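Asker: Next up, coords01.cif (mmCIF, C-alpha atoms).
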data_input
loop_
_atom_site.label_atom_id
_atom_site.label_comp_id
_atom_site.auth_asym_id
_atom_site.auth_seq_id
_atom_site.Cartn_x
_atom_site.Cartn_y
_atom_site.Cartn_z
CA MET A 1 -19.68 -15.63 -12.62
CA LYS A 2 -21.70 -12.47 -12.52
CA ILE A 3 -21.88 -10.11 -9.59
CA ASP A 4 -25.41 -8.92 -9.35
CA LYS A 5 -25.63 -5.15 -8.78
CA LYS A 6 -28.64 -5.68 -6.53
CA SER A 7 -26.66 -7.88 -4.16
CA ILE A 8 -24.10 -5.14 -3.47
CA VAL A 9 -25.06 -3.17 -0.38
CA LYS A 10 -23.46 -0.26 1.37
CA LYS A 11 -24.40 1.05 4.78
CA LYS A 12 -25.60 4.64 4.61
CA SER A 13 -25.15 5.44 8.26
CA ILE A 14 -24.37 4.04 11.68
CA THR A 15 -25.56 5.47 14.98
CA VAL A 16 -23.29 7.03 17.57
CA GLY A 17 -24.53 4.38 20.02
CA PHE A 18 -23.34 1.61 17.72
CA LEU A 19 -19.94 3.26 17.35
CA TYR A 20 -19.62 3.49 21.13
CA GLU A 21 -20.73 -0.12 21.69
CA GLN A 22 -18.24 -1.41 19.16
CA LEU A 23 -15.28 0.72 20.18
CA LYS A 24 -15.57 1.29 23.91
CA GLU A 25 -13.54 -1.76 24.86
CA ARG A 26 -11.32 -1.98 21.83
CA PHE A 27 -10.10 1.61 22.04
CA ASN A 28 -10.78 2.41 25.69
CA LEU A 29 -13.45 4.93 24.80
CA ARG A 30 -15.08 6.63 27.81
CA LEU A 31 -18.28 8.61 27.69
CA LEU A 32 -17.70 12.07 29.22
CA SER A 33 -20.96 13.88 28.55
CA LYS A 34 -24.31 13.12 30.17
CA ASN A 35 -27.54 12.10 28.41
CA PRO A 36 -26.19 12.06 24.85
CA ASP A 37 -28.41 11.24 21.89
CA PHE A 38 -27.12 7.83 20.82
CA ASP A 39 -29.47 7.78 17.84
CA LYS A 40 -27.56 10.53 16.06
CA LYS A 41 -26.33 9.23 12.75
CA ILE A 42 -22.79 9.12 11.41
CA THR A 43 -23.01 9.26 7.63
CA GLU A 44 -19.39 9.84 6.67
CA GLN A 45 -16.45 7.54 7.06
CA ASN A 46 -13.83 10.28 7.34
CA LEU A 47 -12.85 12.00 10.55
CA HIS A 48 -12.43 15.71 11.04
CA ARG A 49 -10.22 17.83 13.27
CA PRO A 50 -12.19 20.99 13.95
CA GLY A 51 -9.17 23.28 14.45
CA LEU A 52 -10.16 25.88 11.88
CA ALA A 53 -13.79 25.76 12.89
CA LEU A 54 -12.80 26.50 16.50
CA ALA A 55 -10.79 29.46 15.22
CA GLY A 56 -13.98 30.81 13.69
CA PHE A 57 -13.79 29.68 10.07
CA VAL A 58 -16.89 27.53 9.59
CA ASP A 59 -17.54 28.06 5.87
CA LEU A 60 -16.58 24.54 4.84
CA PHE A 61 -16.94 22.92 8.24
CA SER A 62 -17.38 19.13 7.77
CA TYR A 63 -19.67 18.95 10.77
CA LYS A 64 -21.28 15.66 9.73
CA ARG A 65 -18.07 13.79 10.45
CA VAL A 66 -16.87 12.43 13.76
CA GLN A 67 -14.89 15.32 15.29
CA VAL A 68 -11.52 14.49 16.82
CA CYS A 69 -9.97 16.98 19.25
CA GLY A 70 -6.32 16.52 20.05
CA ASN A 71 -3.81 18.50 22.07
CA THR A 72 -3.90 21.43 19.63
CA GLU A 73 -7.66 21.96 19.80
CA MET A 74 -7.81 21.56 23.57
CA ARG A 75 -4.84 23.86 24.18
CA TYR A 76 -6.37 26.45 21.87
CA LEU A 77 -9.69 26.37 23.73
CA LYS A 78 -7.83 26.74 27.00
CA SER A 79 -5.97 29.79 25.72
CA LEU A 80 -9.21 31.67 25.15
CA THR A 81 -10.95 33.82 27.72
CA LYS A 82 -14.14 32.40 29.22
CA LYS A 83 -16.32 34.65 27.07
CA GLN A 84 -14.44 33.80 23.86
CA ARG A 85 -14.61 30.11 24.68
CA GLU A 86 -18.36 30.22 25.19
CA ASP A 87 -18.86 32.03 21.88
CA THR A 88 -16.63 29.61 20.01
CA LEU A 89 -18.38 26.57 21.43
CA LYS A 90 -21.77 28.05 20.70
CA THR A 91 -20.83 28.55 17.03
CA ILE A 92 -19.52 24.99 16.75
CA PHE A 93 -22.41 23.31 18.50
CA ASP A 94 -24.94 25.12 16.32
CA PHE A 95 -24.00 22.54 13.73
CA ASP A 96 -25.55 19.08 13.99
CA ILE A 97 -22.38 17.22 15.00
CA PRO A 98 -22.69 13.46 15.61
CA CYS A 99 -20.04 13.17 18.33
CA PHE A 100 -16.65 14.30 19.62
CA ILE A 101 -13.64 12.20 20.52
CA ILE A 102 -11.05 13.85 22.73
CA THR A 103 -7.64 12.21 22.60
CA ASN A 104 -4.54 12.03 24.81
CA ASN A 105 -6.60 11.93 28.00
CA ASN A 106 -7.37 15.63 27.57
CA LYS A 107 -10.16 16.90 29.81
CA PRO A 108 -12.81 19.03 28.14
CA SER A 109 -13.63 22.25 29.97
CA LYS A 110 -16.85 22.63 31.96
CA GLU A 111 -18.27 24.93 29.26
CA PHE A 112 -17.56 22.32 26.58
CA LEU A 113 -19.48 19.60 28.40
CA GLU A 114 -22.34 21.93 29.25
CA VAL A 115 -22.96 22.93 25.63
CA ALA A 116 -22.54 19.33 24.49
CA GLN A 117 -25.11 18.13 27.01
CA LYS A 118 -27.52 20.84 26.05
CA LYS A 119 -27.29 19.70 22.43
CA HIS A 120 -27.22 16.00 23.43
CA VAL A 121 -23.91 15.46 21.64
CA ALA A 122 -21.84 12.55 22.91
CA VAL A 123 -18.28 13.44 23.98
CA PHE A 124 -15.86 10.54 24.30
CA GLY A 125 -12.41 10.53 25.84
CA THR A 126 -9.51 8.21 25.07
CA LYS A 127 -5.92 7.77 26.18
CA TYR A 128 -4.70 7.20 22.63
CA SER A 129 -2.87 9.88 20.69
CA THR A 130 -4.72 11.61 17.87
CA THR A 131 -2.73 9.91 15.10
CA LYS A 132 -3.25 6.46 16.58
CA LEU A 133 -6.93 7.01 17.29
CA ALA A 134 -7.57 8.50 13.85
CA TYR A 135 -5.97 5.44 12.30
CA LEU A 136 -7.98 2.99 14.41
CA VAL A 137 -11.34 4.71 14.07
CA SER A 138 -10.85 5.30 10.34
CA ASP A 139 -10.20 1.59 9.92
CA PHE A 140 -13.40 0.78 11.81
CA LEU A 141 -15.48 3.29 9.82
CA ASP A 142 -13.98 2.17 6.50
CA ASP A 143 -15.05 -1.37 7.31
CA GLN A 144 -18.54 -0.27 8.34
CA PHE A 145 -19.10 1.78 5.18
CA ALA A 146 -17.38 -0.67 2.83
CA PRO A 147 -19.47 -2.16 0.03
CA ARG A 148 -20.57 -5.75 0.71
CA PHE A 149 -22.13 -8.45 -1.36
CA SER A 150 -23.12 -12.07 -1.08
CA VAL A 151 -22.19 -14.89 -3.43
CA HIS A 152 -23.45 -18.43 -3.79
CA GLY A 153 -20.36 -20.61 -3.59
CA SER A 154 -17.80 -22.34 -1.39
CA PHE A 155 -14.91 -20.37 0.03
CA ILE A 156 -11.87 -22.36 1.14
CA ASP A 157 -8.35 -21.60 2.30
CA VAL A 158 -6.12 -23.94 0.29
CA TYR A 159 -2.47 -23.73 1.38
CA GLY A 160 -3.20 -20.20 2.54
CA VAL A 161 -4.75 -19.14 -0.77
CA GLY A 162 -8.40 -18.08 -0.62
CA ILE A 163 -10.23 -19.91 -3.40
CA LEU A 164 -13.89 -19.25 -4.12
CA PHE A 165 -15.69 -22.03 -5.97
CA VAL A 166 -18.73 -20.95 -7.92
CA GLY A 167 -20.99 -22.72 -10.36
CA LYS A 168 -24.52 -23.90 -10.83
CA SER A 169 -26.44 -25.45 -7.98
CA GLY A 170 -25.72 -29.15 -7.67
CA ILE A 171 -22.48 -29.16 -9.66
CA GLY A 172 -20.53 -30.30 -6.62
CA LYS A 173 -19.03 -27.24 -4.95
CA SER A 174 -19.75 -28.52 -1.47
CA GLU A 175 -18.33 -31.93 -2.33
CA VAL A 176 -15.08 -30.35 -3.52
CA ALA A 177 -15.03 -28.34 -0.31
CA LEU A 178 -15.50 -31.46 1.78
CA ASP A 179 -12.73 -33.27 -0.08
CA LEU A 180 -10.38 -30.32 0.50
CA LEU A 181 -11.23 -30.28 4.22
CA GLU A 182 -10.40 -33.97 4.41
CA ARG A 183 -6.97 -33.15 3.01
CA GLY A 184 -6.31 -30.59 5.71
CA HIS A 185 -7.52 -27.36 4.10
CA ARG A 186 -9.82 -24.93 5.84
CA LEU A 187 -13.40 -23.92 5.24
CA VAL A 188 -14.33 -20.25 5.46
CA ALA A 189 -17.95 -20.52 4.32
CA ASP A 190 -20.19 -22.68 2.22
CA ASP A 191 -23.30 -21.73 0.23
CA VAL A 192 -23.59 -18.09 1.28
CA VAL A 193 -20.33 -16.15 1.32
CA LEU A 194 -20.25 -12.47 2.28
CA PHE A 195 -17.50 -10.29 0.85
CA THR A 196 -16.38 -6.88 2.06
CA LYS A 197 -14.04 -4.58 0.21
CA LYS A 198 -11.11 -3.52 2.38
CA GLY A 199 -9.08 -0.55 1.31
CA GLU A 200 -8.19 -0.67 -2.37
CA GLY A 201 -7.84 -4.04 -3.96
CA ILE A 202 -8.67 -6.42 -1.13
CA LEU A 203 -11.83 -8.47 -0.77
CA ILE A 204 -12.38 -10.26 2.52
CA GLY A 205 -14.84 -13.13 2.63
CA SER A 206 -16.61 -14.72 5.56
CA GLY A 207 -19.71 -16.72 6.36
CA THR A 208 -22.89 -15.47 7.98
CA GLN A 209 -23.36 -15.45 11.74
CA LEU A 210 -26.19 -17.97 11.48
CA VAL A 211 -24.66 -20.53 9.15
CA LYS A 212 -21.05 -20.33 10.35
CA HIS A 213 -19.35 -23.55 9.17
CA PHE A 214 -22.49 -25.56 8.54
CA MET A 215 -22.68 -27.30 5.18
CA GLU A 216 -25.29 -29.14 3.24
CA ILE A 217 -24.27 -32.33 1.49
CA ARG A 218 -26.94 -33.62 -0.81
CA GLY A 219 -28.15 -37.00 0.34
CA ILE A 220 -26.93 -36.47 3.92
CA GLY A 221 -28.28 -33.10 4.90
CA LEU A 222 -26.71 -30.57 7.21
CA ILE A 223 -23.33 -31.16 8.82
CA ASN A 224 -21.26 -29.01 11.17
CA VAL A 225 -17.72 -28.86 9.89
CA LYS A 226 -16.23 -27.53 13.12
CA GLU A 227 -17.68 -30.38 15.19
CA MET A 228 -16.87 -33.02 12.62
CA PHE A 229 -13.36 -32.07 11.48
CA GLY A 230 -12.30 -29.98 14.42
CA VAL A 231 -11.10 -26.46 14.73
CA ARG A 232 -8.21 -26.98 12.33
CA ALA A 233 -10.67 -27.28 9.45
CA ILE A 234 -12.20 -23.83 9.76
CA ARG A 235 -11.38 -20.17 9.74
CA TYR A 236 -13.54 -17.07 10.09
CA GLN A 237 -12.34 -14.93 7.24
CA LYS A 238 -9.92 -14.95 4.36
CA ARG A 239 -8.78 -12.69 1.55
CA LEU A 240 -10.21 -13.67 -1.83
CA GLU A 241 -7.36 -14.58 -4.17
CA VAL A 242 -8.69 -16.89 -6.89
CA VAL A 243 -12.17 -17.53 -8.30
CA VAL A 244 -12.73 -21.01 -9.74
CA GLU A 245 -15.87 -21.56 -11.76
CA LEU A 246 -16.92 -25.18 -12.10
CA GLU A 247 -18.95 -26.09 -15.15
CA ILE A 248 -19.97 -29.14 -17.11
CA TRP A 249 -17.46 -29.68 -19.95
CA ASP A 250 -18.57 -27.57 -22.87
CA LYS A 251 -17.00 -28.45 -26.22
CA LYS A 252 -17.53 -24.95 -27.50
CA SER A 253 -15.96 -23.27 -24.50
CA ASN A 254 -12.27 -22.32 -24.65
CA TYR A 255 -10.29 -23.65 -21.73
CA THR A 256 -6.85 -22.32 -20.86
CA ARG A 257 -4.08 -24.59 -22.12
CA THR A 258 -0.76 -22.82 -21.68
CA GLY A 259 -1.59 -20.46 -18.82
CA LEU A 260 0.18 -17.59 -20.58
CA GLU A 261 -2.86 -15.39 -20.61
CA ASN A 262 -4.17 -14.75 -17.14
CA GLU A 263 -7.88 -14.25 -17.04
CA THR A 264 -9.30 -12.10 -14.28
CA ILE A 265 -12.74 -11.19 -13.06
CA ASN A 266 -13.63 -7.70 -11.90
CA ILE A 267 -15.38 -7.67 -8.54
CA LEU A 268 -16.07 -4.23 -7.04
CA ASP A 269 -13.18 -2.85 -9.12
CA VAL A 270 -10.77 -5.49 -7.84
CA GLU A 271 -9.20 -7.78 -10.45
CA ILE A 272 -9.19 -11.35 -9.15
CA PRO A 273 -7.56 -14.26 -11.07
CA TYR A 274 -10.32 -16.34 -12.60
CA ILE A 275 -10.16 -19.97 -13.73
CA LYS A 276 -12.88 -21.81 -15.57
CA LEU A 277 -12.66 -25.49 -14.74
CA PRO A 278 -14.52 -28.10 -16.78
CA ILE A 279 -15.85 -31.10 -14.89
CA LEU A 280 -15.39 -34.49 -16.50
CA PRO A 281 -15.73 -38.03 -15.18
CA GLY A 282 -12.47 -39.07 -13.58
CA LYS A 283 -11.28 -35.55 -13.07
CA ASN A 284 -10.06 -34.90 -9.56
CA ILE A 285 -11.09 -31.32 -8.86
CA THR A 286 -9.61 -31.43 -5.37
CA VAL A 287 -6.08 -32.12 -6.58
CA ILE A 288 -6.49 -29.56 -9.34
CA SER A 289 -7.58 -27.02 -6.74
CA GLU A 290 -4.42 -27.68 -4.75
CA VAL A 291 -2.37 -27.23 -7.91
CA ILE A 292 -4.19 -23.94 -8.59
CA ALA A 293 -3.26 -22.75 -5.11
CA LEU A 294 0.37 -23.85 -5.41
CA ASN A 295 0.68 -22.30 -8.86
CA TYR A 296 -0.74 -19.07 -7.49
CA LEU A 297 1.85 -19.13 -4.71
CA LEU A 298 4.68 -19.86 -7.15
CA LYS A 299 3.63 -16.93 -9.33
CA HIS A 300 3.42 -14.80 -6.23
CA TYR A 301 6.99 -15.75 -5.36
CA GLY A 302 8.13 -14.90 -8.88
CA TYR A 303 8.01 -18.19 -10.76
CA ASP A 304 5.59 -18.54 -13.65
CA ALA A 305 5.77 -22.02 -15.22
CA ALA A 306 4.15 -20.95 -18.50
CA VAL A 307 6.58 -18.04 -18.91
CA GLU A 308 9.59 -20.21 -18.03
CA PHE A 309 8.59 -22.82 -20.57
CA GLN A 310 8.12 -20.17 -23.22
CA LYS A 311 11.61 -18.85 -22.55
CA ARG A 312 13.10 -22.31 -22.93
CA LEU A 313 11.29 -22.92 -26.17
CA GLN A 314 12.42 -19.60 -27.56
CA SER A 315 16.09 -20.15 -26.77
CA LYS A 316 15.86 -23.58 -28.37
CA LEU A 317 14.30 -22.12 -31.49
CA GLN A 318 17.06 -19.56 -31.76
CA LYS A 319 19.76 -22.23 -31.59
CA GLY A 320 18.35 -23.99 -34.62
CA SER A 321 16.57 -27.29 -35.10
CA SER A 322 17.68 -30.60 -33.62
CA PRO A 323 15.75 -33.79 -32.82
CA PRO A 324 14.27 -34.01 -29.32
CA ASN A 325 16.95 -34.86 -26.76
CA ARG A 326 16.67 -37.08 -23.76
CA VAL A 327 16.68 -35.32 -20.41
CA VAL A 328 19.97 -36.90 -19.32
CA ASP A 329 22.61 -38.93 -21.09
CA TYR A 330 24.15 -40.97 -18.36
CA PHE A 331 21.51 -43.71 -18.53
CA GLU A 332 22.83 -44.65 -21.96
CA HIS A 333 24.49 -47.90 -20.77
CA ASP A 334 22.04 -48.62 -18.05
CA PHE A 335 20.01 -51.56 -19.28
CA GLU A 336 17.77 -51.85 -16.27
CA MET B 337 -36.66 -13.08 -15.99
CA ILE B 338 -39.57 -12.90 -13.57
CA GLU B 339 -39.46 -10.87 -10.37
CA LYS B 340 -42.07 -11.36 -7.62
CA LYS B 341 -42.46 -9.83 -4.18
CA VAL B 342 -43.80 -12.07 -1.44
CA LYS B 343 -44.51 -11.72 2.26
CA ILE B 344 -44.09 -14.32 4.98
CA ILE B 345 -47.53 -14.80 6.56
CA ASN B 346 -47.28 -17.86 8.77
CA ASN B 347 -46.44 -17.46 12.47
CA ALA B 348 -43.29 -19.56 12.58
CA GLY B 349 -41.65 -17.76 9.66
CA LEU B 350 -39.46 -19.42 7.05
CA HIS B 351 -38.12 -22.29 9.16
CA THR B 352 -36.46 -25.58 8.25
CA ARG B 353 -39.44 -27.48 6.85
CA PRO B 354 -40.70 -24.81 4.43
CA ALA B 355 -37.11 -24.02 3.48
CA ALA B 356 -36.57 -27.64 2.50
CA THR B 357 -39.81 -27.68 0.54
CA ILE B 358 -38.93 -24.50 -1.35
CA VAL B 359 -35.56 -25.94 -2.30
CA LYS B 360 -37.20 -29.16 -3.44
CA ILE B 361 -39.72 -27.33 -5.60
CA ALA B 362 -36.98 -25.10 -7.07
CA ALA B 363 -34.81 -28.11 -7.87
CA LYS B 364 -37.55 -29.53 -10.12
CA TYR B 365 -37.10 -26.64 -12.53
CA LYS B 366 -34.18 -25.77 -14.74
CA SER B 367 -34.48 -22.03 -14.13
CA ASP B 368 -32.17 -20.21 -11.76
CA PHE B 369 -33.93 -19.05 -8.63
CA TYR B 370 -32.68 -16.30 -6.32
CA ILE B 371 -34.13 -14.70 -3.22
CA TYR B 372 -33.29 -11.18 -2.06
CA LYS B 373 -33.79 -9.88 1.46
CA ASP B 374 -32.21 -6.76 2.99
CA GLY B 375 -29.48 -6.69 0.38
CA LEU B 376 -28.64 -10.36 0.86
CA LYS B 377 -28.87 -12.44 -2.29
CA ILE B 378 -29.06 -16.18 -1.96
CA ASN B 379 -29.54 -19.10 -4.30
CA GLY B 380 -33.04 -20.48 -3.81
CA LYS B 381 -31.86 -23.97 -4.66
CA SER B 382 -29.59 -24.12 -1.63
CA ILE B 383 -31.16 -25.05 1.71
CA ILE B 384 -28.49 -23.27 3.74
CA GLY B 385 -29.01 -20.21 1.59
CA VAL B 386 -32.76 -20.15 2.17
CA MET B 387 -32.33 -20.66 5.91
CA THR B 388 -29.68 -17.91 6.05
CA LEU B 389 -32.44 -15.43 5.27
CA ALA B 390 -33.97 -16.16 8.70
CA ALA B 391 -37.15 -14.59 7.34
CA GLU B 392 -39.59 -14.03 10.20
CA LYS B 393 -43.32 -13.38 9.95
CA GLY B 394 -44.04 -10.15 8.10
CA SER B 395 -40.72 -9.92 6.26
CA GLU B 396 -40.74 -9.22 2.56
CA LEU B 397 -38.71 -11.15 0.03
CA THR B 398 -38.05 -10.64 -3.65
CA LEU B 399 -38.02 -13.80 -5.72
CA VAL B 400 -36.26 -13.85 -9.06
CA PHE B 401 -36.68 -16.63 -11.61
CA ASP B 402 -34.59 -16.87 -14.73
CA GLY B 403 -34.62 -19.62 -17.33
CA GLU B 404 -36.72 -21.59 -19.79
CA ASP B 405 -39.35 -22.77 -17.29
CA GLU B 406 -39.37 -19.62 -15.14
CA LYS B 407 -43.12 -19.13 -15.47
CA GLU B 408 -44.05 -22.50 -14.03
CA ALA B 409 -41.41 -22.25 -11.31
CA ALA B 410 -42.60 -18.79 -10.27
CA GLU B 411 -46.20 -19.92 -10.18
CA GLU B 412 -45.60 -22.92 -7.94
CA ILE B 413 -43.22 -21.19 -5.52
CA VAL B 414 -45.24 -18.00 -5.17
CA LYS B 415 -48.32 -20.14 -4.50
CA TYR B 416 -46.45 -21.95 -1.72
CA PHE B 417 -45.56 -18.60 -0.10
CA GLU B 418 -49.13 -17.35 -0.43
CA GLU B 419 -50.44 -20.47 1.28
CA GLY B 420 -48.25 -19.64 4.29
CA PHE B 421 -46.37 -22.88 3.68
CA GLY B 422 -49.56 -24.76 4.51
CA GLU B 423 -49.37 -23.58 8.12
CA LEU B 424 -52.23 -21.10 8.24
#
Is it possible to express this structure as structure tokens?
Answerer:
Amino acid sequence: MKIDKKSIVKKKSITVGFLYEQLKERFNLRLLSKNPDFDKKITEQNLHRPGLALAGFVDLFSYKRVQVCGNTEMRYLKSLTKKQREDTLKTIFDFDIPCFIITNNNKPSKEFLEVAQKKHVAVFGTKYSTTKLAYLVSDFLDDQFAPRFSVHGSFIDVYGVGILFVGKSGIGKSEVALDLLERGHRLVADDVVLFTKKGEGILIGSGTQLVKHFMEIRGIGLINVKEMFGVRAIRYQKRLEVVVELEIWDKKSNYTRTGLENETINILDVEIPYIKLPILPGKNITVISEVIALNYLLKHYGYDAAVEFQKRLQSKLQKGSSPPNRVVDYFEHDFE
Amino acid sequence: MIEKKVKIINNAGLHTRPAATIVKIAAKYKSDFYIYKDGLKINGKSIIGVMTLAAEKGSELTLVFDGEDEKEAAEEIVKYFEEGFGEL
């Protein structure tokens, strides 16, 4: 599987209006200033506390970021005389700031709101503490600015393990998906899967808004998995844990036999276990997929079958040669 | 590899019927066929993929063909787009 550079996209900016729409209910954000410019763009995913800038040091002021004012900033502004406060605010608002968020239910002074309105800067208030709000908003902005890409494949939750099936068109990805659904596993998306990088080392996959749990089965056409198999057969998103590439059996290709070497694929700098699975007549890919998931879980819980077997073999070799033994001896006089 | 830019010119946009036709044409050829729109990359041989684009009138798509018969595939599919899916 190749990840095409062109299919990786990253948002360059979001508008203040979008931020407000998305967060107003989730984080109890209230708009405090009048006629703000909701088209102002937020281009950075980090937040900034303008403490030093308020104190007059604006040399390295990260004004492009969302500015968060907590108790410290508000108390400081209050401690100034009216004249000082006006000067300070004037200096700050000369920069093109996207918006302010004032935490802990602090009330901005009249002067603050006046300058903000003059510059059409949105000022939001929230009851959350600065630490909590910074954490929540950072998470939201990280997600918005995270790199995304789309993949042609089927993404299924098998025993809680997110397996992405890829392979050439018509090789039977959707059929494997259907078979897995029938056995009680859950479909995340078929055909077009969108992945977003979360934090470091996590890829989250989901379907598109339009297609959401529709599938195409060749010879039948479109089906709706949620209507057909019920709500137990679907889920909205899942972490990507294993990539399985289906391909027609190729004599020249090297398929894993012992499982001692773990192949991975690098997707957006995340190493994901990668298994190349040859398709042959009579091969039940569904059952193999379940085994892949269970084996992944076992490894996760600290048991690696290939490593265990290797250990056994080595201890046997050290003891010296002997003919193969039966597993147990007590059947010796059992003639059944 | 052949890369072509096309525009949707019929009123209804890229709806179910043309999507099905595109997939059928693409399936005749061995070459891989991908469509790009607004950073979304989809496999042109998958009907759900093509419909996911929800390409309305006026939208621009990039078609990419890759394989032994890419020239013929590109020719036939680009022609179908230029004809406005026979709906002009």
Asker: Could you list the residues chosen by the PyMOL selection byres ((chain A) within 10 of (chain B)) in this structure as JSON, numbers by chain?
Answerer: {"A": [4, 6, 7, 8, 9, 10, 148, 149, 150, 151, 152, 153, 168, 169, 170, 190, 191, 192, 193, 194, 208, 209, 210, 211, 212, 214, 215, 216, 218, 221, 222]}
Asker: Hey, can you check how far CA of Val16 (chain A) sits from CA of Phe140 (chain A)?
Answerer: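 So the answer is 13.0 Å.
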Asker: To one decimal place in Å, what is the distance between CA of Glu182 (chain A) and CA of Lys226 (chain A)?
Answerer: 12.3 Å
Asker: Counting only C-alpha atoms, find the residues whose atoms lie at most 12 Å from (-3.6, -14.8, -14.6) (file coordinates) and write them out as a ChimeraX atom specification.
Answerer: /A:241-243,256,258-265,271-276,292,295-296,299-300,304-307
Asker: Take the selection from the previous step and output its residues with C-alpha atoms, as a short mmCIF file (atom, residue, chain, number, x, y, z; two decimals), in the frame of the given file.
Answerer:
data_model
loop_
_atom_site.label_atom_id
_atom_site.label_comp_id
_atom_site.auth_asym_id
_atom_site.auth_seq_id
_atom_site.Cartn_x
_atom_site.Cartn_y
_atom_site.Cartn_z
CA GLU A 241 -7.36 -14.58 -4.17
CA VAL A 242 -8.69 -16.89 -6.89
CA VAL A 243 -12.17 -17.53 -8.30
CA THR A 256 -6.85 -22.32 -20.86
CA THR A 258 -0.76 -22.82 -21.68
CA GLY A 259 -1.59 -20.46 -18.82
CA LEU A 260 0.18 -17.59 -20.58
CA GLU A 261 -2.86 -15.39 -20.61
CA ASN A 262 -4.17 -14.75 -17.14
CA GLU A 263 -7.88 -14.25 -17.04
CA THR A 264 -9.30 -12.10 -14.28
CA ILE A 265 -12.74 -11.19 -13.06
CA GLU A 271 -9.20 -7.78 -10.45
CA ILE A 272 -9.19 -11.35 -9.15
CA PRO A 273 -7.56 -14.26 -11.07
CA TYR A 274 -10.32 -16.34 -12.60
CA ILE A 275 -10.16 -19.97 -13.73
CA LYS A 276 -12.88 -21.81 -15.57
CA ILE A 292 -4.19 -23.94 -8.59
CA ASN A 295 0.68 -22.30 -8.86
CA TYR A 296 -0.74 -19.07 -7.49
CA LYS A 299 3.63 -16.93 -9.33
CA HIS A 300 3.42 -14.80 -6.23
CA ASP A 304 5.59 -18.54 -13.65
CA ALA A 305 5.77 -22.02 -15.22
CA ALA A 306 4.15 -20.95 -18.50
CA VAL A 307 6.58 -18.04 -18.91
#
Asker: Do you know which residues are at most 10 Å from region 415-419 of chain B counting all atoms listed in the file, after dropping those on the same chain fewer than 2 positions away, and could you put them as a ChimeraX atom specification?
Answerer: /B:342-346,350,354,357-358,361,409-413,421-424
Asker: Using all atoms listed in the file, which protein or nucleic acid residues come within 12 Å of Glu408 (chain B)? Drop anything in the same chain fewer than 6 positions from it, and give the result as a PyMOL selection string.
Answerer: chain B and resi 338+361-362+364-367+369+401-402+414-415
Asker: Please write the residues picked by the PyMOL selection byres ((chain A and resi 75) around 12) on this file as a VMD selection string.
Answerer: chain A and resid 51 54 69 to 74 76 to 80 85 102 104 106 to 109
